[in-house]
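Source file: protein-v9.csv; contents: CSV, N, CA and C atoms.
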```csv
chain,number,residue,atom,x,y,z
V,1,MET,N,97.5,87.1,97.9
V,1,MET,CA,96.7,87.9,97.0
V,1,MET,C,97.6,89.1,96.6
V,2,LYS,N,98.3,89.7,97.5
V,2,LYS,CA,99.2,90.9,97.1
V,2,LYS,C,100.3,90.5,96.2
V,3,ALA,N,100.8,89.2,96.3
V,3,ALA,CA,101.9,88.8,95.4
V,3,ALA,C,101.3,88.3,94.1
V,4,ASN,N,100.0,88.3,94.0
V,4,ASN,CA,99.3,87.8,92.8
V,4,ASN,C,99.5,86.4,92.5
V,5,ASP,N,99.7,85.6,93.5
V,5,ASP,CA,99.9,84.1,93.4
V,5,ASP,C,98.5,83.5,93.5
V,6,LEU,N,97.9,83.3,92.3
V,6,LEU,CA,96.5,82.9,92.2
V,6,LEU,C,96.4,81.4,92.7
V,7,GLU,N,97.4,80.6,92.4
V,7,GLU,CA,97.3,79.2,92.8
V,7,GLU,C,97.3,79.1,94.4
V,8,LYS,N,98.2,79.8,95.0
V,8,LYS,CA,98.3,79.8,96.4
V,8,LYS,C,97.0,80.3,97.1
V,9,TYR,N,96.5,81.4,96.4
V,9,TYR,CA,95.2,82.0,96.9
V,9,TYR,C,94.1,81.0,96.8
V,10,ARG,N,94.0,80.3,95.6
V,10,ARG,CA,92.9,79.3,95.4
V,10,ARG,C,93.0,78.1,96.4
V,11,ALA,N,94.2,77.8,96.9
V,11,ALA,CA,94.4,76.7,97.8
V,11,ALA,C,93.7,77.0,99.1
V,12,LEU,N,93.4,78.2,99.4
V,12,LEU,CA,92.6,78.5,100.7
V,12,LEU,C,91.2,78.1,100.6
V,13,TRP,N,90.7,77.8,99.4
V,13,TRP,CA,89.3,77.5,99.2
V,13,TRP,C,89.1,76.0,99.0
V,14,HIS,N,88.1,75.5,99.7
V,14,HIS,CA,87.7,74.1,99.6
V,14,HIS,C,87.1,73.8,98.2
V,15,GLU,N,87.2,72.6,97.7
V,15,GLU,CA,86.7,72.2,96.4
V,15,GLU,C,85.1,72.4,96.4
V,16,ASN,N,84.4,72.3,97.5
V,16,ASN,CA,83.0,72.5,97.5
V,16,ASN,C,82.5,73.8,97.9
V,17,PHE,N,83.4,74.8,97.8
V,17,PHE,CA,83.1,76.2,98.2
V,17,PHE,C,81.9,76.7,97.5
V,18,LEU,N,81.1,77.5,98.2
V,18,LEU,CA,80.0,78.3,97.7
V,18,LEU,C,79.9,79.6,98.4
V,19,GLY,N,80.0,80.7,97.8
V,19,GLY,CA,80.0,82.0,98.5
V,19,GLY,C,79.4,83.0,97.6
V,20,TRP,N,79.1,84.2,98.2
V,20,TRP,CA,78.5,85.3,97.5
V,20,TRP,C,79.4,86.5,97.6
V,21,PRO,N,80.3,86.8,96.6
V,21,PRO,CA,81.1,88.0,96.7
V,21,PRO,C,80.2,89.2,96.3
V,22,PHE,N,80.6,90.4,96.8
V,22,PHE,CA,79.8,91.6,96.6
V,22,PHE,C,79.8,92.0,95.1
V,23,ILE,N,80.8,91.5,94.3
V,23,ILE,CA,80.9,91.9,92.9
V,23,ILE,C,80.0,91.1,92.0
V,24,SER,N,79.4,90.0,92.6
V,24,SER,CA,78.6,89.1,91.8
V,24,SER,C,77.1,89.2,92.1
V,25,SER,N,76.3,89.0,91.1
V,25,SER,CA,74.8,89.1,91.3
V,25,SER,C,74.3,87.8,91.8
V,26,ALA,N,75.1,86.8,91.9
V,26,ALA,CA,74.6,85.5,92.4
V,26,ALA,C,75.8,84.8,93.1
V,27,PRO,N,75.5,83.8,94.0
V,27,PRO,CA,76.6,83.0,94.6
V,27,PRO,C,77.5,82.3,93.5
V,28,GLU,N,78.8,82.1,93.9
V,28,GLU,CA,79.8,81.6,93.0
V,28,GLU,C,80.5,80.4,93.6
V,29,ARG,N,81.0,79.5,92.8
V,29,ARG,CA,81.8,78.4,93.2
V,29,ARG,C,83.3,78.7,93.2
V,30,LYS,N,84.1,77.7,93.5
V,30,LYS,CA,85.6,78.0,93.6
V,30,LYS,C,86.2,78.4,92.3
V,31,ASP,N,85.7,77.9,91.2
V,31,ASP,CA,86.3,78.2,89.9
V,31,ASP,C,86.2,79.7,89.5
V,32,HIS,N,85.4,80.5,90.3
V,32,HIS,CA,85.4,81.9,90.1
V,32,HIS,C,86.0,82.7,91.2
V,33,ILE,N,86.7,82.1,92.1
V,33,ILE,CA,87.2,82.8,93.3
V,33,ILE,C,88.3,83.8,93.0
V,34,THR,N,89.0,83.7,91.9
V,34,THR,CA,90.0,84.7,91.5
V,34,THR,C,89.5,85.7,90.5
V,35,ASP,N,88.3,85.6,90.0
V,35,ASP,CA,87.8,86.6,89.0
V,35,ASP,C,88.0,88.0,89.3
V,36,TRP,N,87.8,88.4,90.6
V,36,TRP,CA,87.9,89.8,91.0
V,36,TRP,C,89.4,90.2,90.9
V,37,ILE,N,90.3,89.3,91.1
V,37,ILE,CA,91.7,89.7,91.1
V,37,ILE,C,92.1,89.9,89.6
V,38,THR,N,91.8,88.9,88.7
V,38,THR,CA,92.1,89.1,87.3
V,38,THR,C,91.4,90.2,86.6
V,39,THR,N,90.2,90.6,87.1
V,39,THR,CA,89.5,91.7,86.5
V,39,THR,C,90.4,93.0,86.8
V,40,ASN,N,90.9,93.1,88.0
V,40,ASN,CA,91.7,94.3,88.4
V,40,ASN,C,93.1,94.3,87.6
V,41,THR,N,93.8,93.1,87.7
V,41,THR,CA,95.1,93.1,87.1
V,41,THR,C,95.0,93.3,85.5
V,42,SER,N,93.9,92.8,84.9
V,42,SER,CA,93.8,93.0,83.5
V,42,SER,C,93.7,94.5,83.1
V,43,LYS,N,93.3,95.3,84.1
V,43,LYS,CA,93.2,96.8,83.9
V,43,LYS,C,94.4,97.5,84.4
V,44,GLY,N,95.5,96.7,84.8
V,44,GLY,CA,96.7,97.3,85.2
V,44,GLY,C,96.7,97.8,86.6
V,45,ILE,N,95.7,97.3,87.4
V,45,ILE,CA,95.5,97.7,88.8
V,45,ILE,C,95.9,96.5,89.7
V,46,LYS,N,96.7,96.8,90.7
V,46,LYS,CA,97.1,95.7,91.6
V,46,LYS,C,96.9,96.1,93.1
V,47,LEU,N,96.9,95.2,94.0
V,47,LEU,CA,96.7,95.4,95.4
V,47,LEU,C,98.0,96.0,95.9
V,48,GLN,N,97.9,97.2,96.5
V,48,GLN,CA,99.1,97.9,97.0
V,48,GLN,C,99.3,97.6,98.5
V,49,SER,N,98.3,97.6,99.2
V,49,SER,CA,98.3,97.3,100.7
V,49,SER,C,97.0,96.9,101.2
V,50,TYR,N,96.9,96.3,102.3
V,50,TYR,CA,95.7,95.9,102.9
V,50,TYR,C,95.9,95.7,104.4
V,51,SER,N,94.8,95.8,105.1
V,51,SER,CA,94.8,95.4,106.6
V,51,SER,C,93.5,94.6,106.8
V,52,ILE,N,93.6,93.7,107.8
V,52,ILE,CA,92.5,92.8,108.2
V,52,ILE,C,92.2,93.1,109.6
V,53,GLU,N,90.9,93.4,109.9
V,53,GLU,CA,90.5,93.7,111.2
V,53,GLU,C,89.6,92.5,111.7
V,54,GLN,N,90.1,91.6,112.5
V,54,GLN,CA,89.3,90.5,113.0
V,54,GLN,C,88.2,91.0,114.0
V,55,LEU,N,87.0,90.6,113.7
V,55,LEU,CA,85.9,91.1,114.5
V,55,LEU,C,85.3,90.0,115.4
V,56,ALA,N,85.2,88.8,114.9
V,56,ALA,CA,84.7,87.7,115.7
V,56,ALA,C,84.9,86.4,115.0
V,57,ILE,N,85.1,85.4,115.8
V,57,ILE,CA,85.3,84.0,115.3
V,57,ILE,C,84.7,83.0,116.3
V,58,GLN,N,84.0,82.0,115.7
V,58,GLN,CA,83.5,81.0,116.5
V,58,GLN,C,83.9,79.6,115.9
V,59,VAL,N,84.6,78.8,116.7
V,59,VAL,CA,85.1,77.5,116.3
V,59,VAL,C,84.3,76.5,117.0
V,60,THR,N,83.7,75.6,116.2
V,60,THR,CA,83.0,74.4,116.8
V,60,THR,C,83.5,73.2,116.1
V,61,GLY,N,84.3,72.4,116.8
V,61,GLY,CA,84.8,71.2,116.1
V,61,GLY,C,85.7,71.6,115.0
V,62,ASP,N,85.4,71.0,113.8
V,62,ASP,CA,86.1,71.2,112.6
V,62,ASP,C,85.6,72.3,111.7
V,63,VAL,N,84.7,73.2,112.3
V,63,VAL,CA,84.1,74.3,111.5
V,63,VAL,C,84.4,75.6,112.3
V,64,ALA,N,84.7,76.7,111.5
V,64,ALA,CA,84.9,78.0,112.1
V,64,ALA,C,84.2,79.0,111.3
V,65,VAL,N,83.5,79.9,112.0
V,65,VAL,CA,82.8,81.1,111.3
V,65,VAL,C,83.6,82.3,111.7
V,66,ASP,N,84.1,83.0,110.7
V,66,ASP,CA,85.0,84.2,110.9
V,66,ASP,C,84.4,85.4,110.3
V,67,TYR,N,84.4,86.5,111.1
V,67,TYR,CA,83.9,87.8,110.6
V,67,TYR,C,85.0,88.8,110.7
V,68,TYR,N,85.2,89.5,109.6
V,68,TYR,CA,86.3,90.5,109.7
V,68,TYR,C,86.0,91.6,108.6
V,69,ARG,N,86.8,92.7,108.8
V,69,ARG,CA,86.8,93.8,107.9
V,69,ARG,C,88.1,93.9,107.2
V,70,ILE,N,88.1,94.2,105.9
V,70,ILE,CA,89.3,94.3,105.1
V,70,ILE,C,89.3,95.7,104.5
V,71,ASN,N,90.5,96.4,104.7
V,71,ASN,CA,90.7,97.7,104.0
V,71,ASN,C,91.8,97.4,103.0
V,72,ALA,N,91.5,97.8,101.7
V,72,ALA,CA,92.4,97.5,100.6
V,72,ALA,C,92.7,98.8,99.8
V,73,THR,N,93.9,99.0,99.5
V,73,THR,CA,94.3,100.1,98.6
V,73,THR,C,94.9,99.5,97.3
V,74,TRP,N,94.3,100.0,96.2
V,74,TRP,CA,94.7,99.5,94.9
V,74,TRP,C,95.5,100.6,94.1
V,75,ALA,N,96.5,100.2,93.3
V,75,ALA,CA,97.3,101.2,92.6
V,75,ALA,C,97.5,100.8,91.2
V,76,ASN,N,97.9,101.8,90.4
V,76,ASN,CA,98.1,101.4,89.0
V,76,ASN,C,99.6,101.0,88.8
V,77,GLY,N,100.1,100.8,87.6
V,77,GLY,CA,101.4,100.3,87.3
V,77,GLY,C,102.5,101.2,87.8
V,78,GLU,N,102.2,102.5,87.9
V,78,GLU,CA,103.2,103.5,88.4
V,78,GLU,C,103.2,103.6,89.9
V,79,GLY,N,102.3,102.8,90.6
V,79,GLY,CA,102.2,102.9,92.0
V,79,GLY,C,101.3,104.0,92.6
V,80,THR,N,100.6,104.7,91.7
V,80,THR,CA,99.7,105.7,92.1
V,80,THR,C,98.3,105.1,92.6
V,81,GLU,N,97.9,105.5,93.8
V,81,GLU,CA,96.7,104.9,94.4
V,81,GLU,C,95.5,105.3,93.5
V,82,VAL,N,94.7,104.3,93.1
V,82,VAL,CA,93.5,104.6,92.3
V,82,VAL,C,92.2,104.4,93.0
V,83,ARG,N,92.2,103.6,94.1
V,83,ARG,CA,91.0,103.5,94.9
V,83,ARG,C,91.3,102.7,96.2
V,84,THR,N,90.4,102.9,97.1
V,84,THR,CA,90.4,102.1,98.4
V,84,THR,C,89.1,101.4,98.5
V,85,ASN,N,89.1,100.2,99.1
V,85,ASN,CA,87.8,99.5,99.4
V,85,ASN,C,87.8,99.1,100.9
V,86,THR,N,86.7,99.1,101.5
V,86,THR,CA,86.5,98.5,102.8
V,86,THR,C,85.3,97.6,102.7
V,87,LEU,N,85.6,96.3,103.1
V,87,LEU,CA,84.6,95.3,102.9
V,87,LEU,C,84.4,94.5,104.3
V,88,ARG,N,83.1,94.1,104.4
V,88,ARG,CA,82.8,93.2,105.5
V,88,ARG,C,82.8,91.8,104.9
V,89,ILE,N,83.5,90.9,105.6
V,89,ILE,CA,83.6,89.5,105.1
V,89,ILE,C,83.1,88.5,106.1
V,90,THR,N,82.4,87.5,105.7
V,90,THR,CA,82.1,86.3,106.5
V,90,THR,C,82.7,85.1,105.8
V,91,HIS,N,83.5,84.3,106.4
V,91,HIS,CA,84.0,83.1,105.9
V,91,HIS,C,83.7,81.9,106.8
V,92,THR,N,83.3,80.8,106.3
V,92,THR,CA,83.1,79.6,107.0
V,92,THR,C,84.2,78.7,106.6
V,93,TRP,N,85.0,78.3,107.6
V,93,TRP,CA,86.2,77.4,107.3
V,93,TRP,C,85.9,76.0,107.8
V,94,ILE,N,86.5,75.0,107.2
V,94,ILE,CA,86.4,73.7,107.6
V,94,ILE,C,87.8,73.1,107.6
V,95,ARG,N,88.0,72.3,108.7
V,95,ARG,CA,89.3,71.6,108.9
V,95,ARG,C,89.2,70.2,108.2
V,96,THR,N,90.1,70.0,107.2
V,96,THR,CA,90.1,68.7,106.6
V,96,THR,C,91.6,68.3,106.5
V,97,HIS,N,91.9,67.1,106.9
V,97,HIS,CA,93.3,66.6,106.8
V,97,HIS,C,94.3,67.6,107.4
V,98,ALA,N,94.0,68.2,108.6
V,98,ALA,CA,94.9,69.1,109.4
V,98,ALA,C,95.1,70.4,108.7
V,99,THR,N,94.2,70.8,107.7
V,99,THR,CA,94.3,72.1,107.0
V,99,THR,C,93.0,72.7,107.0
V,100,TRP,N,93.0,74.0,107.2
V,100,TRP,CA,91.8,74.8,107.2
V,100,TRP,C,91.5,75.4,105.8
V,101,GLN,N,90.3,75.3,105.3
V,101,GLN,CA,90.0,75.8,104.0
V,101,GLN,C,88.6,76.5,104.1
V,102,ILE,N,88.4,77.5,103.3
V,102,ILE,CA,87.1,78.2,103.3
V,102,ILE,C,86.1,77.4,102.4
V,103,ILE,N,85.0,77.1,103.0
V,103,ILE,CA,83.9,76.4,102.4
V,103,ILE,C,82.7,77.2,102.0
V,104,GLY,N,82.6,78.4,102.7
V,104,GLY,CA,81.5,79.3,102.4
V,104,GLY,C,81.8,80.7,102.8
V,105,GLY,N,81.1,81.7,102.2
V,105,GLY,CA,81.4,83.1,102.6
V,105,GLY,C,80.5,84.1,101.9
V,106,MET,N,80.6,85.3,102.3
V,106,MET,CA,79.9,86.4,101.7
V,106,MET,C,80.6,87.7,102.0
V,107,SER,N,80.6,88.6,101.1
V,107,SER,CA,81.2,89.9,101.3
V,107,SER,C,80.3,91.0,100.9
V,108,ALA,N,80.5,92.2,101.6
V,108,ALA,CA,79.7,93.4,101.3
V,108,ALA,C,80.5,94.6,101.6
V,109,PRO,N,80.4,95.7,100.8
V,109,PRO,CA,81.0,96.9,101.1
V,109,PRO,C,80.4,97.5,102.4
V,110,VAL,N,81.2,98.3,103.1
V,110,VAL,CA,80.7,99.0,104.3
V,110,VAL,C,79.9,100.2,103.8
V,111,ASN,N,79.0,100.7,104.6
V,111,ASN,CA,78.2,101.9,104.3
V,111,ASN,C,79.0,103.1,104.7
V,112,ALA,N,78.4,104.3,104.5
V,112,ALA,CA,79.1,105.5,104.8
V,112,ALA,C,79.6,105.7,106.2
V,113,GLU,N,78.9,104.9,107.2
V,113,GLU,CA,79.3,105.0,108.6
V,113,GLU,C,80.3,103.9,108.9
V,114,GLY,N,80.8,103.1,107.9
V,114,GLY,CA,81.7,102.0,108.2
V,114,GLY,C,81.1,100.8,108.7
V,115,LYS,N,79.7,100.7,108.6
V,115,LYS,CA,79.0,99.5,109.1
V,115,LYS,C,78.6,98.6,108.0
```
Is it possible to give me this structure as structure tokens?
Amino acid sequence: MKANDLEKYRALWHENFLGWPFISSAPERKDHITDWITTNTSKGIKLQSYSIEQLAIQVTGDVAVDYYRINATWANGEGTEVRTNTLRITHTWIRTHATWQIIGGMSAPVNAEGK
């Protein structure tokens, strides 16, 4: 994501993905998974830095449910910070052919207390 390699980013998602990103009014399929990235880059904004805080994971056979928090800092073309986001993320992963891919998920911004 930080390298803006959209093809490599898309490869993380299973063909049958269905998820509900916080920027969308309805659930989306894989063909919209990079919309939030291109919306930012078209405005001259790119991901400057991020951290992932793993909160919980449950693996059952070939399925894993993963909960984490992402802190992201976005910058303009000159490298000046323009905003930060903190999101709560849920992803459901499926193992197919020895590769893990995201098949479902949901994201939401944290509230004022970080919850």
Using DSSP on the backbone, list every residue of chain V that comes out as strand (DSSP E or B), and give them as a JSON list (two decimals) with N, CA and C atoms, in the frame of the given file.
```json
[["chain", "number", "residue", "atom", "x", "y", "z"],
["V", 13, "TRP", "N", 90.70, 77.80, 99.40],
["V", 13, "TRP", "CA", 89.30, 77.50, 99.20],
["V", 13, "TRP", "C", 89.10, 76.00, 99.00],
["V", 14, "HIS", "N", 88.10, 75.50, 99.70],
["V", 14, "HIS", "CA", 87.70, 74.10, 99.60],
["V", 14, "HIS", "C", 87.10, 73.80, 98.20],
["V", 15, "GLU", "N", 87.20, 72.60, 97.70],
["V", 15, "GLU", "CA", 86.70, 72.20, 96.40],
["V", 15, "GLU", "C", 85.10, 72.40, 96.40],
["V", 16, "ASN", "N", 84.40, 72.30, 97.50],
["V", 16, "ASN", "CA", 83.00, 72.50, 97.50],
["V", 16, "ASN", "C", 82.50, 73.80, 97.90],
["V", 17, "PHE", "N", 83.40, 74.80, 97.80],
["V", 17, "PHE", "CA", 83.10, 76.20, 98.20],
["V", 17, "PHE", "C", 81.90, 76.70, 97.50],
["V", 18, "LEU", "N", 81.10, 77.50, 98.20],
["V", 18, "LEU", "CA", 80.00, 78.30, 97.70],
["V", 18, "LEU", "C", 79.90, 79.60, 98.40],
["V", 19, "GLY", "N", 80.00, 80.70, 97.80],
["V", 19, "GLY", "CA", 80.00, 82.00, 98.50],
["V", 19, "GLY", "C", 79.40, 83.00, 97.60],
["V", 20, "TRP", "N", 79.10, 84.20, 98.20],
["V", 20, "TRP", "CA", 78.50, 85.30, 97.50],
["V", 20, "TRP", "C", 79.40, 86.50, 97.60],
["V", 28, "GLU", "N", 78.80, 82.10, 93.90],
["V", 28, "GLU", "CA", 79.80, 81.60, 93.00],
["V", 28, "GLU", "C", 80.50, 80.40, 93.60],
["V", 29, "ARG", "N", 81.00, 79.50, 92.80],
["V", 29, "ARG", "CA", 81.80, 78.40, 93.20],
["V", 29, "ARG", "C", 83.30, 78.70, 93.20],
["V", 46, "LYS", "N", 96.70, 96.80, 90.70],
["V", 46, "LYS", "CA", 97.10, 95.70, 91.60],
["V", 46, "LYS", "C", 96.90, 96.10, 93.10],
["V", 47, "LEU", "N", 96.90, 95.20, 94.00],
["V", 47, "LEU", "CA", 96.70, 95.40, 95.40],
["V", 47, "LEU", "C", 98.00, 96.00, 95.90],
["V", 48, "GLN", "N", 97.90, 97.20, 96.50],
["V", 48, "GLN", "CA", 99.10, 97.90, 97.00],
["V", 48, "GLN", "C", 99.30, 97.60, 98.50],
["V", 49, "SER", "N", 98.30, 97.60, 99.20],
["V", 49, "SER", "CA", 98.30, 97.30, 100.70],
["V", 49, "SER", "C", 97.00, 96.90, 101.20],
["V", 50, "TYR", "N", 96.90, 96.30, 102.30],
["V", 50, "TYR", "CA", 95.70, 95.90, 102.90],
["V", 50, "TYR", "C", 95.90, 95.70, 104.40],
["V", 51, "SER", "N", 94.80, 95.80, 105.10],
["V", 51, "SER", "CA", 94.80, 95.40, 106.60],
["V", 51, "SER", "C", 93.50, 94.60, 106.80],
["V", 52, "ILE", "N", 93.60, 93.70, 107.80],
["V", 52, "ILE", "CA", 92.50, 92.80, 108.20],
["V", 52, "ILE", "C", 92.20, 93.10, 109.60],
["V", 53, "GLU", "N", 90.90, 93.40, 109.90],
["V", 53, "GLU", "CA", 90.50, 93.70, 111.20],
["V", 53, "GLU", "C", 89.60, 92.50, 111.70],
["V", 54, "GLN", "N", 90.10, 91.60, 112.50],
["V", 54, "GLN", "CA", 89.30, 90.50, 113.00],
["V", 54, "GLN", "C", 88.20, 91.00, 114.00],
["V", 55, "LEU", "N", 87.00, 90.60, 113.70],
["V", 55, "LEU", "CA", 85.90, 91.10, 114.50],
["V", 55, "LEU", "C", 85.30, 90.00, 115.40],
["V", 56, "ALA", "N", 85.20, 88.80, 114.90],
["V", 56, "ALA", "CA", 84.70, 87.70, 115.70],
["V", 56, "ALA", "C", 84.90, 86.40, 115.00],
["V", 57, "ILE", "N", 85.10, 85.40, 115.80],
["V", 57, "ILE", "CA", 85.30, 84.00, 115.30],
["V", 57, "ILE", "C", 84.70, 83.00, 116.30],
["V", 58, "GLN", "N", 84.00, 82.00, 115.70],
["V", 58, "GLN", "CA", 83.50, 81.00, 116.50],
["V", 58, "GLN", "C", 83.90, 79.60, 115.90],
["V", 59, "VAL", "N", 84.60, 78.80, 116.70],
["V", 59, "VAL", "CA", 85.10, 77.50, 116.30],
["V", 59, "VAL", "C", 84.30, 76.50, 117.00],
["V", 60, "THR", "N", 83.70, 75.60, 116.20],
["V", 60, "THR", "CA", 83.00, 74.40, 116.80],
["V", 60, "THR", "C", 83.50, 73.20, 116.10],
["V", 63, "VAL", "N", 84.70, 73.20, 112.30],
["V", 63, "VAL", "CA", 84.10, 74.30, 111.50],
["V", 63, "VAL", "C", 84.40, 75.60, 112.30],
["V", 64, "ALA", "N", 84.70, 76.70, 111.50],
["V", 64, "ALA", "CA", 84.90, 78.00, 112.10],
["V", 64, "ALA", "C", 84.20, 79.00, 111.30],
["V", 65, "VAL", "N", 83.50, 79.90, 112.00],
["V", 65, "VAL", "CA", 82.80, 81.10, 111.30],
["V", 65, "VAL", "C", 83.60, 82.30, 111.70],
["V", 66, "ASP", "N", 84.10, 83.00, 110.70],
["V", 66, "ASP", "CA", 85.00, 84.20, 110.90],
["V", 66, "ASP", "C", 84.40, 85.40, 110.30],
["V", 67, "TYR", "N", 84.40, 86.50, 111.10],
["V", 67, "TYR", "CA", 83.90, 87.80, 110.60],
["V", 67, "TYR", "C", 85.00, 88.80, 110.70],
["V", 68, "TYR", "N", 85.20, 89.50, 109.60],
["V", 68, "TYR", "CA", 86.30, 90.50, 109.70],
["V", 68, "TYR", "C", 86.00, 91.60, 108.60],
["V", 69, "ARG", "N", 86.80, 92.70, 108.80],
["V", 69, "ARG", "CA", 86.80, 93.80, 107.90],
["V", 69, "ARG", "C", 88.10, 93.90, 107.20],
["V", 70, "ILE", "N", 88.10, 94.20, 105.90],
["V", 70, "ILE", "CA", 89.30, 94.30, 105.10],
["V", 70, "ILE", "C", 89.30, 95.70, 104.50],
["V", 71, "ASN", "N", 90.50, 96.40, 104.70],
["V", 71, "ASN", "CA", 90.70, 97.70, 104.00],
["V", 71, "ASN", "C", 91.80, 97.40, 103.00],
["V", 72, "ALA", "N", 91.50, 97.80, 101.70],
["V", 72, "ALA", "CA", 92.40, 97.50, 100.60],
["V", 72, "ALA", "C", 92.70, 98.80, 99.80],
["V", 73, "THR", "N", 93.90, 99.00, 99.50],
["V", 73, "THR", "CA", 94.30, 100.10, 98.60],
["V", 73, "THR", "C", 94.90, 99.50, 97.30],
["V", 74, "TRP", "N", 94.30, 100.00, 96.20],
["V", 74, "TRP", "CA", 94.70, 99.50, 94.90],
["V", 74, "TRP", "C", 95.50, 100.60, 94.10],
["V", 75, "ALA", "N", 96.50, 100.20, 93.30],
["V", 75, "ALA", "CA", 97.30, 101.20, 92.60],
["V", 75, "ALA", "C", 97.50, 100.80, 91.20],
["V", 81, "GLU", "N", 97.90, 105.50, 93.80],
["V", 81, "GLU", "CA", 96.70, 104.90, 94.40],
["V", 81, "GLU", "C", 95.50, 105.30, 93.50],
["V", 82, "VAL", "N", 94.70, 104.30, 93.10],
["V", 82, "VAL", "CA", 93.50, 104.60, 92.30],
["V", 82, "VAL", "C", 92.20, 104.40, 93.00],
["V", 83, "ARG", "N", 92.20, 103.60, 94.10],
["V", 83, "ARG", "CA", 91.00, 103.50, 94.90],
["V", 83, "ARG", "C", 91.30, 102.70, 96.20],
["V", 84, "THR", "N", 90.40, 102.90, 97.10],
["V", 84, "THR", "CA", 90.40, 102.10, 98.40],
["V", 84, "THR", "C", 89.10, 101.40, 98.50],
["V", 85, "ASN", "N", 89.10, 100.20, 99.10],
["V", 85, "ASN", "CA", 87.80, 99.50, 99.40],
["V", 85, "ASN", "C", 87.80, 99.10, 100.90],
["V", 86, "THR", "N", 86.70, 99.10, 101.50],
["V", 86, "THR", "CA", 86.50, 98.50, 102.80],
["V", 86, "THR", "C", 85.30, 97.60, 102.70],
["V", 87, "LEU", "N", 85.60, 96.30, 103.10],
["V", 87, "LEU", "CA", 84.60, 95.30, 102.90],
["V", 87, "LEU", "C", 84.40, 94.50, 104.30],
["V", 88, "ARG", "N", 83.10, 94.10, 104.40],
["V", 88, "ARG", "CA", 82.80, 93.20, 105.50],
["V", 88, "ARG", "C", 82.80, 91.80, 104.90],
["V", 89, "ILE", "N", 83.50, 90.90, 105.60],
["V", 89, "ILE", "CA", 83.60, 89.50, 105.10],
["V", 89, "ILE", "C", 83.10, 88.50, 106.10],
["V", 90, "THR", "N", 82.40, 87.50, 105.70],
["V", 90, "THR", "CA", 82.10, 86.30, 106.50],
["V", 90, "THR", "C", 82.70, 85.10, 105.80],
["V", 91, "HIS", "N", 83.50, 84.30, 106.40],
["V", 91, "HIS", "CA", 84.00, 83.10, 105.90],
["V", 91, "HIS", "C", 83.70, 81.90, 106.80],
["V", 92, "THR", "N", 83.30, 80.80, 106.30],
["V", 92, "THR", "CA", 83.10, 79.60, 107.00],
["V", 92, "THR", "C", 84.20, 78.70, 106.60],
["V", 93, "TRP", "N", 85.00, 78.30, 107.60],
["V", 93, "TRP", "CA", 86.20, 77.40, 107.30],
["V", 93, "TRP", "C", 85.90, 76.00, 107.80],
["V", 94, "ILE", "N", 86.50, 75.00, 107.20],
["V", 94, "ILE", "CA", 86.40, 73.70, 107.60],
["V", 94, "ILE", "C", 87.80, 73.10, 107.60],
["V", 95, "ARG", "N", 88.00, 72.30, 108.70],
["V", 95, "ARG", "CA", 89.30, 71.60, 108.90],
["V", 95, "ARG", "C", 89.20, 70.20, 108.20],
["V", 96, "THR", "N", 90.10, 70.00, 107.20],
["V", 96, "THR", "CA", 90.10, 68.70, 106.60],
["V", 96, "THR", "C", 91.60, 68.30, 106.50],
["V", 99, "THR", "N", 94.20, 70.80, 107.70],
["V", 99, "THR", "CA", 94.30, 72.10, 107.00],
["V", 99, "THR", "C", 93.00, 72.70, 107.00],
["V", 100, "TRP", "N", 93.00, 74.00, 107.20],
["V", 100, "TRP", "CA", 91.80, 74.80, 107.20],
["V", 100, "TRP", "C", 91.50, 75.40, 105.80],
["V", 101, "GLN", "N", 90.30, 75.30, 105.30],
["V", 101, "GLN", "CA", 90.00, 75.80, 104.00],
["V", 101, "GLN", "C", 88.60, 76.50, 104.10],
["V", 102, "ILE", "N", 88.40, 77.50, 103.30],
["V", 102, "ILE", "CA", 87.10, 78.20, 103.30],
["V", 102, "ILE", "C", 86.10, 77.40, 102.40],
["V", 103, "ILE", "N", 85.00, 77.10, 103.00],
["V", 103, "ILE", "CA", 83.90, 76.40, 102.40],
["V", 103, "ILE", "C", 82.70, 77.20, 102.00],
["V", 104, "GLY", "N", 82.60, 78.40, 102.70],
["V", 104, "GLY", "CA", 81.50, 79.30, 102.40],
["V", 104, "GLY", "C", 81.80, 80.70, 102.80],
["V", 105, "GLY", "N", 81.10, 81.70, 102.20],
["V", 105, "GLY", "CA", 81.40, 83.10, 102.60],
["V", 105, "GLY", "C", 80.50, 84.10, 101.90],
["V", 106, "MET", "N", 80.60, 85.30, 102.30],
["V", 106, "MET", "CA", 79.90, 86.40, 101.70],
["V", 106, "MET", "C", 80.60, 87.70, 102.00],
["V", 107, "SER", "N", 80.60, 88.60, 101.10],
["V", 107, "SER", "CA", 81.20, 89.90, 101.30],
["V", 107, "SER", "C", 80.30, 91.00, 100.90],
["V", 108, "ALA", "N", 80.50, 92.20, 101.60],
["V", 108, "ALA", "CA", 79.70, 93.40, 101.30],
["V", 108, "ALA", "C", 80.50, 94.60, 101.60],
["V", 109, "PRO", "N", 80.40, 95.70, 100.80],
["V", 109, "PRO", "CA", 81.00, 96.90, 101.10],
["V", 109, "PRO", "C", 80.40, 97.50, 102.40]]
```
Inset, instruction - Go through V:Thr96, V:Asn111, V:Thr84, V:Asn16 one by one, measure the shortest atom-to-atom distance of each to Gly61 (chain V) using only C-alpha atoms, and give the residue with the smallest value. - result: V:Thr96
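Closest to Glu78 (chain V) among V:Gly104, V:Gln48, V:Val65, V:Ile57 is V:Gln48, based on only C-alpha atoms.
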Legend entry - Within 9 Å of Lys115 (chain V) using only C-alpha atoms, minus same-chain residues under 5 positions, as a ChimeraX atom specification: /V:88,109-110
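Comparing V:Thr86, V:Phe17, V:Arg10, V:Gly79 by their smallest distance to Arg29 (chain V), the closest is V:Phe17 (using only N, CA and C atoms).
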Inset, instruction - Tell me which protein, DNA and RNA residues are within 12 Å of Thr99 (chain V), counting only C-alpha atoms, leaving out same-chain ones fewer than 2 positions away, and put them as a ChimeraX atom specification. - result: /V:11-14,62-63,93-97,101-102
